[in-house]
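Engineer: Hey, dropping run-v5.cif in here, mmCIF, C-alpha atoms:
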```
data_protein
loop_
_atom_site.label_atom_id
_atom_site.label_comp_id
_atom_site.auth_asym_id
_atom_site.auth_seq_id
_atom_site.Cartn_x
_atom_site.Cartn_y
_atom_site.Cartn_z
CA MET A 5 124.46 338.40 86.22
CA ARG A 6 123.16 336.08 83.54
CA THR A 7 123.92 332.38 83.15
CA VAL A 8 126.56 331.67 80.49
CA GLU A 9 126.08 328.55 78.37
CA LEU A 10 128.85 326.19 79.43
CA LYS A 11 130.15 325.85 75.88
CA TYR A 12 131.01 329.57 75.98
CA ALA A 13 132.55 329.56 79.47
CA TYR A 14 136.13 329.39 78.09
CA ARG A 15 135.59 332.78 76.53
CA LEU A 16 135.35 334.38 79.97
CA LEU A 17 139.12 333.78 80.32
CA ASN A 18 140.15 333.68 76.66
CA HIS A 19 141.52 337.23 76.63
CA GLY A 20 143.77 336.63 79.64
CA PRO A 21 142.29 338.63 82.54
CA THR A 22 143.56 338.61 86.09
CA VAL A 23 141.12 336.59 88.25
CA LEU A 24 139.99 336.18 91.82
CA VAL A 25 140.15 332.60 93.09
CA GLY A 26 137.50 331.69 95.66
CA SER A 27 137.62 328.73 98.03
CA VAL A 28 135.69 327.28 100.96
CA HIS A 29 136.06 324.31 103.28
CA ALA A 30 134.52 323.47 106.65
CA GLY A 31 133.09 326.94 107.12
CA ARG A 32 136.26 328.81 106.22
CA SER A 33 136.43 330.72 102.94
CA ASN A 34 138.96 332.85 101.13
CA VAL A 35 139.53 334.89 97.98
CA MET A 36 142.93 335.57 96.41
CA ALA A 37 144.07 337.30 93.22
CA ALA A 38 145.82 335.33 90.47
CA ALA A 39 147.20 336.43 87.11
CA TRP A 40 148.03 332.88 86.01
CA ALA A 41 144.75 331.39 84.85
CA MET A 42 143.58 330.25 81.42
CA PRO A 43 141.02 328.07 79.66
CA LEU A 44 141.98 324.44 79.25
CA ASP A 45 139.10 323.10 77.16
CA PHE A 46 135.92 324.17 75.38
CA ASP A 47 133.08 321.76 76.02
CA THR A 48 133.03 320.47 78.67
CA PRO A 49 134.77 323.64 79.80
CA LYS A 50 137.90 323.34 81.88
CA ILE A 51 140.38 325.83 83.31
CA ALA A 52 143.94 325.85 84.63
CA VAL A 53 145.13 328.14 87.43
CA VAL A 54 148.35 328.38 89.43
CA VAL A 55 147.79 328.49 93.21
CA ASP A 56 150.91 328.46 95.38
CA LYS A 57 151.01 325.73 98.01
CA SER A 58 151.83 328.26 100.73
CA THR A 59 148.41 329.92 100.44
CA LEU A 60 145.23 329.39 102.45
CA THR A 61 143.38 329.22 99.13
CA ARG A 62 145.41 326.18 98.17
CA GLU A 63 144.73 324.46 101.50
CA LEU A 64 141.01 325.03 101.08
CA ILE A 65 140.97 323.85 97.45
CA ASP A 66 143.03 320.76 98.28
CA ALA A 67 140.61 319.93 101.09
CA SER A 68 137.34 320.64 99.26
CA GLY A 69 138.09 319.84 95.62
CA VAL A 70 136.19 322.92 94.47
CA LEU A 71 136.99 326.54 93.64
CA SER A 72 135.61 329.61 91.91
CA LEU A 73 137.20 331.93 89.37
CA CYS A 74 135.82 335.43 89.02
CA VAL A 75 136.86 338.22 86.64
CA PRO A 76 137.17 341.57 88.44
CA THR A 77 136.91 345.01 86.85
CA VAL A 78 138.84 348.26 86.66
CA ALA A 79 136.47 349.59 89.34
CA MET A 80 137.76 346.79 91.65
CA LYS A 81 141.50 347.46 91.15
CA ASP A 82 142.25 348.27 94.80
CA LEU A 83 140.25 345.26 95.98
CA VAL A 84 142.25 343.02 93.60
CA MET A 85 145.53 344.52 94.76
CA ALA A 86 144.56 343.90 98.39
CA ALA A 87 143.38 340.35 97.63
CA GLY A 88 146.77 339.66 96.03
CA SER A 89 148.77 341.21 98.86
CA LEU A 90 147.16 340.04 102.10
CA SER A 91 147.22 336.38 103.10
CA GLY A 92 144.18 334.66 104.54
CA LYS A 93 146.59 332.73 106.74
CA ASN A 94 147.92 335.78 108.58
CA CYS A 95 144.81 337.86 108.26
CA PRO A 96 141.62 336.06 109.37
CA ASP A 97 139.48 339.09 108.44
CA LYS A 98 141.02 339.30 104.95
CA LEU A 99 137.70 339.46 103.11
CA SER A 100 136.33 342.37 105.12
CA ARG A 101 139.69 344.19 105.00
CA CYS A 102 139.72 343.78 101.23
CA LYS A 103 136.06 344.93 101.06
CA ILE A 104 135.17 341.66 99.35
CA THR A 105 131.61 340.39 99.59
CA THR A 106 130.53 337.08 98.09
CA GLN A 107 127.58 334.83 97.36
CA ALA A 108 127.78 331.05 97.74
CA ALA A 109 127.55 329.18 94.43
CA THR A 110 124.61 326.82 94.30
CA GLN A 111 126.29 323.48 93.50
CA THR A 112 129.48 323.71 95.56
CA GLY A 113 129.15 326.66 97.94
CA VAL A 114 132.33 328.31 96.64
CA PRO A 115 132.32 332.10 97.07
CA LEU A 116 131.44 334.12 93.94
CA VAL A 117 132.75 337.67 94.33
CA ASP A 118 130.24 340.52 94.04
CA GLY A 119 130.98 343.16 91.41
CA CYS A 120 132.84 340.79 89.08
CA ILE A 121 131.86 340.66 85.41
CA ALA A 122 132.26 336.88 85.25
CA GLN A 123 131.96 334.10 87.81
CA MET A 124 132.72 330.40 87.44
CA GLU A 125 132.09 327.50 89.78
CA CYS A 126 134.64 324.70 89.29
CA ARG A 127 135.47 321.16 90.39
CA VAL A 128 139.12 319.98 90.54
CA LEU A 129 140.06 317.38 87.92
CA PRO A 130 141.92 314.14 88.68
CA ALA A 131 145.01 315.08 86.64
CA THR A 132 145.67 317.84 89.17
CA ALA A 133 147.26 315.18 91.34
CA HIS A 134 150.24 315.05 88.94
CA VAL A 135 150.87 318.79 88.60
CA ALA A 136 149.73 320.44 91.84
CA GLY A 137 152.75 319.10 93.70
CA PRO A 138 155.59 319.99 91.33
CA HIS A 139 154.01 323.03 89.64
CA ASP A 140 151.20 324.36 91.89
CA LEU A 141 148.87 323.89 88.94
CA ILE A 142 145.16 323.27 89.52
CA LEU A 143 143.08 321.86 86.65
CA ALA A 144 139.31 322.08 87.03
CA GLU A 145 136.04 321.59 85.22
CA VAL A 146 133.68 324.57 85.03
CA ILE A 147 130.25 323.43 86.21
CA GLY A 148 128.51 326.82 86.38
CA ALA A 149 129.20 330.19 84.75
CA TRP A 150 127.69 333.65 84.92
CA ALA A 151 128.53 337.01 83.36
CA ASP A 152 127.44 340.62 83.51
CA GLU A 153 125.18 341.16 80.53
CA ARG A 154 126.35 344.76 80.20
CA VAL A 155 129.71 343.45 78.92
CA PHE A 156 129.13 339.80 77.95
CA SER A 157 126.29 338.80 75.65
CA GLU A 158 125.61 336.30 72.88
CA GLY A 159 128.57 334.23 74.01
CA ARG A 160 131.25 336.94 73.92
CA TRP A 161 132.63 340.05 75.53
CA HIS A 162 131.43 343.46 74.33
CA PHE A 163 133.51 345.84 76.43
CA GLU A 164 133.30 348.48 73.74
CA ASN A 165 129.62 349.11 74.51
CA ALA A 166 129.97 349.62 78.26
CA ALA A 167 131.50 351.89 80.89
CA PRO A 168 135.35 351.76 81.08
CA GLU A 169 135.08 350.79 84.76
CA LEU A 170 133.59 347.44 83.67
CA ARG A 171 136.66 346.38 81.69
CA SER A 172 138.78 343.47 82.86
CA LEU A 173 142.17 343.94 84.56
CA HIS A 174 145.44 342.45 83.28
CA HIS A 175 148.30 342.47 85.79
CA VAL A 176 151.73 343.60 84.60
CA ALA A 177 153.83 343.70 87.76
CA GLY A 178 153.87 345.17 91.22
CA GLY A 179 150.32 346.47 91.37
CA HIS A 180 150.30 347.91 87.86
CA PHE A 181 147.47 346.70 85.68
CA TYR A 182 146.30 347.35 82.18
CA ALA A 183 142.61 347.47 81.34
CA ILE A 184 141.57 345.49 78.29
CA GLY A 185 141.55 347.94 75.38
CA GLU A 186 140.06 348.56 71.99
CA THR A 187 138.58 346.05 69.55
CA VAL A 188 140.88 344.76 66.81
CA PRO A 189 138.98 342.91 64.08
CA ALA A 190 141.13 340.60 61.95
CA LEU A 191 140.57 339.59 58.34
CA PRO A 192 138.91 336.20 57.81
CA VAL A 193 141.17 333.61 56.24
CA ALA A 194 140.42 331.67 53.08
CA LYS A 195 141.20 328.05 53.97
CA ALA A 196 141.37 326.79 50.41
CA MET B 17 165.02 342.92 70.55
CA ARG B 18 166.82 342.97 73.89
CA THR B 19 167.53 340.01 76.14
CA VAL B 20 165.09 339.76 79.07
CA GLU B 21 166.52 338.60 82.39
CA LEU B 22 165.02 335.18 82.97
CA LYS B 23 163.59 336.19 86.35
CA TYR B 24 161.34 338.68 84.48
CA ALA B 25 160.34 336.32 81.67
CA TYR B 26 157.00 335.47 83.34
CA ARG B 27 155.98 339.09 82.91
CA LEU B 28 155.93 338.69 79.13
CA LEU B 29 152.77 336.57 79.55
CA ASN B 30 151.46 337.93 82.85
CA HIS B 31 148.82 340.16 81.24
CA GLY B 32 147.34 337.29 79.20
CA PRO B 33 148.22 337.96 75.56
CA THR B 34 147.47 335.65 72.66
CA VAL B 35 150.72 333.99 71.55
CA LEU B 36 152.32 332.31 68.57
CA VAL B 37 153.71 328.84 69.29
CA GLY B 38 156.78 327.89 67.25
CA SER B 39 158.09 324.37 66.72
CA VAL B 40 160.73 322.54 64.72
CA HIS B 41 161.82 318.94 64.23
CA ALA B 42 163.92 317.19 61.61
CA GLY B 43 163.92 320.21 59.31
CA ARG B 44 160.18 320.87 59.48
CA SER B 45 158.94 323.90 61.37
CA ASN B 46 155.58 325.48 62.13
CA VAL B 47 153.91 328.41 63.88
CA MET B 48 150.37 328.39 65.27
CA ALA B 49 148.30 330.88 67.26
CA ALA B 50 147.17 330.06 70.80
CA ALA B 51 145.11 332.05 73.27
CA TRP B 52 145.61 329.54 76.09
CA ALA B 53 149.06 330.25 77.48
CA MET B 54 150.19 331.53 80.86
CA PRO B 55 153.19 331.75 83.17
CA LEU B 56 153.68 328.76 85.46
CA ASP B 57 156.61 329.91 87.61
CA PHE B 58 158.90 332.88 88.27
CA ASP B 59 162.51 331.82 88.59
CA THR B 60 163.36 329.50 86.97
CA PRO B 61 160.66 330.70 84.59
CA LYS B 62 158.14 328.21 83.32
CA ILE B 63 155.06 328.45 81.11
CA ALA B 64 151.94 326.40 80.35
CA VAL B 65 150.26 326.30 76.94
CA VAL B 66 147.44 324.23 75.46
CA VAL B 67 148.34 322.63 72.09
CA ASP B 68 145.74 320.30 70.59
CA LYS B 69 147.00 316.84 69.71
CA SER B 70 145.56 317.10 66.20
CA THR B 71 148.01 319.87 65.24
CA LEU B 72 151.35 319.70 63.43
CA THR B 73 152.75 321.95 66.16
CA ARG B 74 151.97 319.29 68.74
CA GLU B 75 153.63 316.56 66.67
CA LEU B 76 156.77 318.65 66.33
CA ILE B 77 156.86 319.58 70.04
CA ASP B 78 156.27 315.98 71.09
CA ALA B 79 159.13 314.87 68.83
CA SER B 80 161.63 317.62 69.69
CA GLY B 81 160.84 318.53 73.30
CA VAL B 82 161.24 322.24 72.53
CA LEU B 83 159.02 325.15 71.52
CA SER B 84 158.89 328.91 71.31
CA LEU B 85 156.25 331.35 72.50
CA CYS B 86 156.12 334.78 70.88
CA VAL B 87 153.80 337.72 71.64
CA PRO B 88 152.40 339.27 68.45
CA THR B 89 151.12 342.83 68.06
CA VAL B 90 148.08 344.68 66.80
CA ALA B 91 150.01 345.28 63.57
CA MET B 92 150.18 341.48 63.15
CA LYS B 93 146.45 340.77 63.65
CA ASP B 94 145.85 339.27 60.20
CA LEU B 95 148.99 337.12 60.47
CA VAL B 96 147.77 335.82 63.86
CA MET B 97 144.32 335.10 62.47
CA ALA B 98 145.85 333.19 59.55
CA ALA B 99 148.23 331.30 61.86
CA GLY B 100 145.23 330.24 63.95
CA SER B 101 143.10 329.23 60.97
CA LEU B 102 145.40 327.34 58.59
CA SER B 103 146.87 323.98 59.58
CA GLY B 104 150.50 323.13 58.88
CA LYS B 105 149.29 319.59 58.22
CA ASN B 106 147.09 320.50 55.25
CA CYS B 107 149.08 323.48 54.15
CA PRO B 108 152.83 322.78 53.75
CA ASP B 109 153.51 326.41 52.79
CA LYS B 110 151.62 327.73 55.85
CA LEU B 111 154.37 330.10 56.98
CA SER B 112 154.71 331.86 53.63
CA ARG B 113 150.92 332.00 53.19
CA CYS B 114 150.63 333.56 56.64
CA LYS B 115 153.51 335.97 55.83
CA ILE B 116 155.40 334.65 58.83
CA THR B 117 159.19 334.94 58.86
CA THR B 118 161.30 333.56 61.70
CA GLN B 119 164.81 333.33 63.12
CA ALA B 120 166.12 330.15 64.72
CA ALA B 121 166.70 330.47 68.47
CA THR B 122 170.31 329.86 69.45
CA GLN B 123 169.97 327.03 71.99
CA THR B 124 167.21 324.93 70.45
CA GLY B 125 166.62 326.14 66.88
CA VAL B 126 162.92 326.82 67.53
CA PRO B 127 161.50 329.54 65.26
CA LEU B 128 161.17 333.01 66.82
CA VAL B 129 158.63 335.04 64.86
CA ASP B 130 159.77 338.36 63.40
CA GLY B 131 157.78 341.43 64.41
CA CYS B 132 156.74 340.05 67.80
CA ILE B 133 157.29 342.18 70.93
CA ALA B 134 158.38 339.17 73.01
CA GLN B 135 160.02 335.86 72.16
CA MET B 136 160.73 332.90 74.43
CA GLU B 137 162.70 329.72 73.81
CA CYS B 138 161.39 326.82 75.92
CA ARG B 139 162.15 323.22 76.84
CA VAL B 140 159.29 320.80 77.70
CA LEU B 141 159.17 319.75 81.37
CA PRO B 142 158.82 316.11 82.52
CA ALA B 143 155.40 316.67 84.16
CA THR B 144 154.00 317.28 80.68
CA ALA B 145 153.83 313.50 80.32
CA HIS B 146 150.90 313.45 82.78
CA VAL B 147 148.81 316.26 81.27
CA ALA B 148 149.57 316.34 77.53
CA GLY B 149 147.54 313.19 76.95
CA PRO B 150 144.33 313.95 78.83
CA HIS B 151 144.39 317.77 78.58
CA ASP B 152 146.70 318.78 75.67
CA LEU B 153 148.67 320.81 78.18
CA ILE B 154 152.38 321.47 77.59
CA LEU B 155 154.52 322.63 80.54
CA ALA B 156 157.92 324.09 79.67
CA GLU B 157 160.90 325.92 81.11
CA VAL B 158 161.87 329.23 79.52
CA ILE B 159 165.58 329.10 78.70
CA GLY B 160 165.87 332.31 76.67
CA ALA B 161 163.73 335.46 76.45
CA TRP B 162 163.78 338.65 74.39
CA ALA B 163 161.53 341.68 74.14
CA ASP B 164 161.13 344.83 72.07
CA GLU B 165 162.64 347.62 74.11
CA ARG B 166 160.12 350.12 72.73
CA VAL B 167 157.43 348.41 74.85
CA PHE B 168 159.28 346.31 77.45
CA SER B 169 162.01 347.81 79.61
CA GLU B 170 163.30 347.53 83.17
CA GLY B 171 161.53 344.21 83.55
CA ARG B 172 158.02 345.29 82.57
CA TRP B 173 155.70 346.35 79.78
CA HIS B 174 155.33 350.06 78.98
CA PHE B 175 152.75 350.02 76.21
CA GLU B 176 151.60 353.50 77.17
CA ASN B 177 154.81 355.03 75.79
CA ALA B 178 154.71 353.41 72.35
CA ALA B 179 152.71 353.24 69.13
CA PRO B 180 149.28 351.55 69.46
CA GLU B 181 150.30 349.06 66.76
CA LEU B 182 152.85 347.61 69.21
CA ARG B 183 150.24 346.58 71.78
CA SER B 184 149.58 342.91 72.48
CA LEU B 185 146.49 341.10 71.15
CA HIS B 186 143.94 339.30 73.36
CA HIS B 187 141.60 336.95 71.52
CA VAL B 188 137.90 337.08 72.34
CA ALA B 189 136.28 334.74 69.81
CA GLY B 190 136.06 334.13 66.09
CA GLY B 191 138.81 336.46 64.93
CA HIS B 192 137.87 339.33 67.23
CA PHE B 193 140.68 340.58 69.39
CA TYR B 194 141.12 343.32 71.94
CA ALA B 195 144.36 345.27 72.19
CA ILE B 196 145.73 345.67 75.67
CA GLY B 197 144.48 349.02 76.96
CA GLU B 198 145.21 351.79 79.39
CA THR B 199 147.27 351.64 82.58
CA VAL B 200 145.38 351.13 85.82
CA PRO B 201 147.53 351.83 88.89
CA ALA B 202 146.24 350.27 92.12
CA LEU B 203 146.75 351.53 95.66
CA PRO B 204 149.53 349.83 97.61
CA VAL B 205 148.30 347.73 100.53
CA ALA B 206 149.39 348.09 104.14
CA LYS B 207 150.22 344.54 105.24
CA ALA B 208 150.22 345.28 108.97
#
```
Show how you would write the structure in this file as structure tokens.

Structural biologist:
Amino acid sequence: MRTVELKYAYRLLNHGPTVLVGSVHAGRSNVMAAAWAMPLDFDTPKIAVVVDKSTLTRELIDASGVLSLCVPTVAMKDLVMAAGSLSGKNCPDKLSRCKITTQAATQTGVPLVDGCIAQMECRVLPATAHVAGPHDLILAEVIGAWADERVFSEGRWHFENAAPELRSLHHVAGGHFYAIGETVPALPVAKA
Amino acid sequence: MRTVELKYAYRLLNHGPTVLVGSVHAGRSNVMAAAWAMPLDFDTPKIAVVVDKSTLTRELIDASGVLSLCVPTVAMKDLVMAAGSLSGKNCPDKLSRCKITTQAATQTGVPLVDGCIAQMECRVLPATAHVAGPHDLILAEVIGAWADERVFSEGRWHFENAAPELRSLHHVAGGHFYAIGETVPALPVAKA
């Protein structure tokens, strides 16, 4: 994993991948899957993610004010499915059952999931107070970002140059994902 | 285009496509491209989208309280690039220059873009008042949804059965997109 310049962090989510949301508070940590995440700003980078208030992840984020977002790969599809199906509330050994291993992020201690092609360490923003209640929406600033240099370099994804197992996952419904696909270059636009 | 049951509308955005945002107020309408959109709730369906306050689209949405989100295809890549590059403020004939044609949605009159594989008609939610200012974030309820039955049926996408030109676009950076790719089925998880 290589450090990503913070001004390029939004690009880790720009193409709409399913993510893993990591959380930690008072010695307890969790990881859940979420399809509803997106960039919210460029520089300083911010993200938005929906985390249901019934989840352990939400309890931990509400208590700690920090979270991680990681971008899992095709190779991790069964792990992602398990992380989206089991609840950390009912299943205290969720991480080991899901075969998830993590490293603590340096600034906040949030768990960064091994094997992911992107990892972000985030701090909850004040405006979350207005939207977390009615809409389960968490807004956060990205304070650290890393990506796998085999697929992300010079500030952008290059999936076309790497193994298919390193592509991001995009959840459709009920445990069916699509991998991100082929490159589609568009024509530049004359502004005049 | 076939009507999508509202309880499945979230699935139109679940896999993270780049969208076209449509707006109309007092006879003026616009369409812009946006990569930062996601579902916000299932049923009733809601969405979140980032629309910069410098844009004409934002002015029209703020004035009307309604918007559309449409999912464009690989075949529309140059249209999407143009819609994301030209501003309706500087360019009064933006839609014709971008080769965008639209139909007015029945309930709100918002423009639904021809050629898209999904179209949603949306009404801005009250909580937007707290996040549109600081974070350019628009929260909206989906009140009508349609999809192209060649790629969306029985409540989910089936890109694998259709022409590659009908796949959704996922913006990376600077006019480079990926198409959505191959199906990745995951193993079901035993909850016990």

Engineer: Please produce, as JSON lines, a per-residue contact table for chain B versus chain A (criterion: any atom at most 7 Å away, only C-alpha atoms considered), showing the nearest atom pair and its distance in Å to one decimal, sorted by chain then residue number.

Structural biologist:
```
{"residue": "B:Arg27", "atom": "CA", "partner": "A:Val176", "partner_atom": "CA", "distance": 6.4}
{"residue": "B:Asn30", "atom": "CA", "partner": "A:Val176", "partner_atom": "CA", "distance": 5.9}
{"residue": "B:His31", "atom": "CA", "partner": "A:His174", "partner_atom": "CA", "distance": 4.6}
{"residue": "B:Gly32", "atom": "CA", "partner": "A:Gly20", "partner_atom": "CA", "distance": 3.7}
{"residue": "B:Pro33", "atom": "CA", "partner": "A:Gly20", "partner_atom": "CA", "distance": 6.2}
{"residue": "B:Ala51", "atom": "CA", "partner": "A:Asn18", "partner_atom": "CA", "distance": 6.2}
{"residue": "B:Trp52", "atom": "CA", "partner": "A:Met42", "partner_atom": "CA", "distance": 5.7}
{"residue": "B:Ala53", "atom": "CA", "partner": "A:Met42", "partner_atom": "CA", "distance": 6.7}
{"residue": "B:Met54", "atom": "CA", "partner": "A:Trp40", "partner_atom": "CA", "distance": 5.7}
{"residue": "B:Pro55", "atom": "CA", "partner": "A:Trp40", "partner_atom": "CA", "distance": 6.0}
{"residue": "B:Leu56", "atom": "CA", "partner": "A:Val54", "partner_atom": "CA", "distance": 6.7}
{"residue": "B:Val66", "atom": "CA", "partner": "A:Leu44", "partner_atom": "CA", "distance": 6.6}
{"residue": "B:Lys93", "atom": "CA", "partner": "A:Ala190", "partner_atom": "CA", "distance": 5.6}
{"residue": "B:Asp94", "atom": "CA", "partner": "A:Ala190", "partner_atom": "CA", "distance": 5.2}
{"residue": "B:Met97", "atom": "CA", "partner": "A:Ala190", "partner_atom": "CA", "distance": 6.4}
{"residue": "B:Ala98", "atom": "CA", "partner": "A:Val193", "partner_atom": "CA", "distance": 5.7}
{"residue": "B:Ser101", "atom": "CA", "partner": "A:Val193", "partner_atom": "CA", "distance": 6.7}
{"residue": "B:Leu102", "atom": "CA", "partner": "A:Lys195", "partner_atom": "CA", "distance": 6.3}
{"residue": "B:Ala143", "atom": "CA", "partner": "A:Val135", "partner_atom": "CA", "distance": 6.7}
{"residue": "B:His146", "atom": "CA", "partner": "A:His134", "partner_atom": "CA", "distance": 6.4}
{"residue": "B:Val147", "atom": "CA", "partner": "A:Ala131", "partner_atom": "CA", "distance": 6.7}
{"residue": "B:Arg172", "atom": "CA", "partner": "A:Val176", "partner_atom": "CA", "distance": 6.8}
{"residue": "B:Trp173", "atom": "CA", "partner": "A:Val176", "partner_atom": "CA", "distance": 6.8}
{"residue": "B:His186", "atom": "CA", "partner": "A:His19", "partner_atom": "CA", "distance": 4.6}
{"residue": "B:His187", "atom": "CA", "partner": "A:His19", "partner_atom": "CA", "distance": 5.1}
{"residue": "B:Val188", "atom": "CA", "partner": "A:His19", "partner_atom": "CA", "distance": 5.6}
{"residue": "B:Ala189", "atom": "CA", "partner": "A:Arg160", "partner_atom": "CA", "distance": 6.9}
{"residue": "B:Gly191", "atom": "CA", "partner": "A:Ala190", "partner_atom": "CA", "distance": 5.6}
{"residue": "B:His192", "atom": "CA", "partner": "A:Pro189", "partner_atom": "CA", "distance": 4.9}
{"residue": "B:Phe193", "atom": "CA", "partner": "A:Val188", "partner_atom": "CA", "distance": 4.9}
{"residue": "B:Tyr194", "atom": "CA", "partner": "A:Thr187", "partner_atom": "CA", "distance": 4.4}
{"residue": "B:Ala195", "atom": "CA", "partner": "A:Gly185", "partner_atom": "CA", "distance": 5.0}
{"residue": "B:Ile196", "atom": "CA", "partner": "A:Gly185", "partner_atom": "CA", "distance": 4.8}
{"residue": "B:Gly197", "atom": "CA", "partner": "A:Gly185", "partner_atom": "CA", "distance": 3.5}
{"residue": "B:Glu198", "atom": "CA", "partner": "A:Tyr182", "partner_atom": "CA", "distance": 5.4}
{"residue": "B:Thr199", "atom": "CA", "partner": "A:Tyr182", "partner_atom": "CA", "distance": 4.4}
{"residue": "B:Val200", "atom": "CA", "partner": "A:Phe181", "partner_atom": "CA", "distance": 4.9}
{"residue": "B:Pro201", "atom": "CA", "partner": "A:His180", "partner_atom": "CA", "distance": 4.9}
{"residue": "B:Ala202", "atom": "CA", "partner": "A:Asp82", "partner_atom": "CA", "distance": 5.2}
{"residue": "B:Leu203", "atom": "CA", "partner": "A:Asp82", "partner_atom": "CA", "distance": 5.6}
{"residue": "B:Val205", "atom": "CA", "partner": "A:Ala86", "partner_atom": "CA", "distance": 5.8}
{"residue": "B:Lys207", "atom": "CA", "partner": "A:Leu90", "partner_atom": "CA", "distance": 6.3}
```

Engineer: Taking all listed atoms of segment 170-183 of chain B, build the axis-aligned box, pad each of the six sides by 5 Å, then write its centre and edge lengths in Å to one decimal as JSON.

Structural biologist:
```
{"center_x": 156.3, "center_y": 349.6, "center_z": 75.2, "size_x": 24.0, "size_y": 20.8, "size_z": 26.8}
```

Engineer: One number please: atom CA of Pro88 of chain B to atom CA of Leu22 of chain B, in Å, one decimal.

Structural biologist: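 Distance between the two atoms: 19.7 Å.
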
Engineer: Would you work out the distance separating atom CA of Glu169 of chain A from atom CA of Ile104 of chain A, expressed in Å to one decimal?

Structural biologist: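 These two atoms are separated by 17.2 Å.
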
Engineer: Return as an MDAnalysis selection string the set of residues that the PyMOL selection byres ((chain A and resi 122) around 12) yields on the displayed structure.

Structural biologist: chainID A and resid 5:8 12:17 21:25 72:77 116:121 123:125 148:157 160:161 170:172

Engineer: Can you tell me how far atom CA of Val35 of chain A sits from atom CA of Ser58 of chain A, in Å to one decimal?

Structural biologist: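 We find that atom CA of Val35 of chain A and atom CA of Ser58 of chain A lie 14.2 Å from each other.
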